[in-house]
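These notes concern the structure reproduced below.
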Amino acid sequence: MNSKSLPGAVPALFPNPAERARIEDWLTLELAAARRRVQAGPVAPTIDMLQFRAELERFDFAEPQPLEGALRWAIERLEHGIVQMSNPRYFGLFNPGANFPAQCADRLAASFNPQLASSASSPVAVALESHVIRAVAQRAAFGGDATGHFATGGSEANYTALICALTGAHPNFSADGVRAFAGPVKFYTSRDCHIAWLKIAHQAGVGRGALRLVETDGSGRMDPDALLRAITEDRAAGAVPVMIVATAGTTGAGVIDPLHACADIAKQQALWLHVDAAWGGAVLASNRLRGLLAGIERADSITIDAHKWLATTMGCAIFISRRADLLSQAFHASTSFMPSSISGVDPYLNSVQWSRRFLGLRLFLALAAAGWEGLGAHIERSIEVIERVKERLIASGWRIANDSPLAVLDAIPPAAAGDVRALVQRVVASGRAWVAPTTFEGQNVVRICATNGETAIADVDALVAALNEL
Ligand SMILES: Cc1ncc(COP(=O)(O)O)c(C=O)c1O
């Protein structure tokens with residue numbers, strides 16, 4: 001037997017405890033200082049990307065360098081090289097300024113690095129995630145039979161919904177794929193849906209042509225009559241409808257599709273109903289506003305992104321369904337090397353991922369620290385921010401195109417402001433605020449969304465000034 005001692009652990013990768021503590025403490029202070037500068041600085045990147053690429057080229061990884069130097073370099077480049085979601089003048093896409101408990105959760109997850117594939121590997125973490133899923137399902141008035149899991153994003157959760165719908169639609173789908181069906185598969189959502197549905201159709205093997213984009217009613221809601229017509233036409237042509245997707249909080253305009261009407265049609269047509277509440281699902285946190293999603297409890301499945309309006313760090317979504325049997329059918333696998341293989345419990349047997357990160361702790365800690373009341377106050381506050389923006393824009397001659405009860409405004413500038421895209425480009429380039437151009441019901445609009453939980457009235461004024469002055 002060889003009794004020679006082993007080489008030591010590579011110190012650059014596994015520093016000794018004192019060195020680790022020193023760098024961690026230094027990093028905490030550096031990040032706090034960077035955050036203060038980011039919140040007061042420009043929202044858009046200011047970095048010279050040509051120079052940055054040249055700097056990157058110099059990292060040929062031949063000569064190691066001290067970690068602190070690399071960390072300082074990365075912080076500085078991130079400070080100037082990304083759109084800053086933590087800046088309170090970011091009125092952008094659904095990306096949040098991350099809440100602090102979620103950031104703490106990431107530290108814990110990084111430190112313990114639990115593997116959430118199986119309940120035997122991480123019994124506490126798997127049980128904690130299921131507890132949070134059940135709590136969210138209860139807010140959506142799903143019964144005690146609700147199940148689900150954390151996913152990396154709304155796209156993964158929505159993909160899961162389509163796989164469940166297909167698995168439920170034909171007993172042979174699992175073995176034969178789309179060949180099981182008597183005709184081409186179709187599923188339905190509004191033309192204002194999140195367009196990742198096309199990629200999802202592609203990935204699922206039903207083809208992009210399976211997605212029917214249904215007309216809206218002139219105010220951004222899926223038109224139930226047009227939906228029923230599309231299903232009837234498709235059946236007459238020999239196609240096989242499998243799922244209706246209602247969006248609760250459209251990406252462009254924050255509009256909620258008519259959930260009860262969609263549920264009625266799904267029931268009458270025996271189709272899976274999925275509610276894509278990736279962004280809007282967060283209003284379930286507010287006792288005052290959760291009624292806006294009435295009808296969501298009739299869905300077969302729901303997507304809610306915690307990394308949108310619930311402001312966790314990026315890569316944290318929730319898939320909820322009452323059909324545990326279909327999740328198990330769709331994602332089952334069998335192997336002897338896994339520490340446990342319990343259908344309905346072990347995440348690797350019920351979801352797309354195998355190895356998985358501890359995502360649920362982010363929402364758990366946010367809920368533990370703030371309660372539903374605190375998360376509800378965060379949601380209500382965002383809507384108030386948008387109300388203030390709206391008042392000010394109307395007073396300065398703007399018109400509002402969308403009628404959303406949520407925190408997205410699609411605004412049309414006075415004619416003198418000229419082209420909407422050019423205006424948005426000027427505002428973004430100025431670094432004073434960040435908004436997006438989009439179209440709503442055929443009109444070019446400036447899309448303004450309250451996503452940052454720390455936006456103050458001075459930030460609202462700064463946004464409105466930028467929109468009117470540039
Ligand atoms: C309504 C809706 N569904 C799905 C998605 C996709 O979610 P993710 O970006 O988390 O994959 C988005 C993203 O903005 C969305 O707005």
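Ligands are numbered from 1 in the order shown, chains are lettered A, B, ... in the order of the structure tokens, and residues start at 1 in each chain.
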**OP:** Taking only C-alpha atoms and all ligand atoms into account, report as a PyMOL selection string which residues have an atom no farther than 8 Å from an atom of ligand 1.
**Re:** chain A and resi 93-94+152-158+193-196+247-252+276-280+303+305+307-308+315-317
**OP:** Apply DSSP to the structure's backbone, then extract all residues of stretch 147-362 of chain A labelled alpha helix (DSSP H) and return them as a ChimeraX atom specification.
**Re:** /A:154-169,173-176,196-204,224-236,259-269,324-331,360-362
**OP:** as a ChimeraX atom specification, list the residues of stretch 289-364 of chain A assigned to strand (DSSP E) by DSSP on the backbone atoms of this structure.
**Re:** /A:301-305,317-321
Original post:
How many Å separate atom CA of A:Gln84 from atom CA of A:Val43?
Top reply: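 So the answer is 5.2 Å.
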**OP:** Counting only C-alpha atoms, figure out which residue out of A:Thr147, A:Gln65, A:Gln443, A:Ser118 gets nearest to A:Pro347.
**Re:**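 Under the stated criterion, the closest residue is A:Ser118.
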Original post:
What separation in Å, quoted to one decimal, exists between atom CA of A:Asp257 and atom CA of A:Asp223?
Top reply: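 About the pair atom CA of A:Asp257 and atom CA of A:Asp223: they are 8.3 Å apart.
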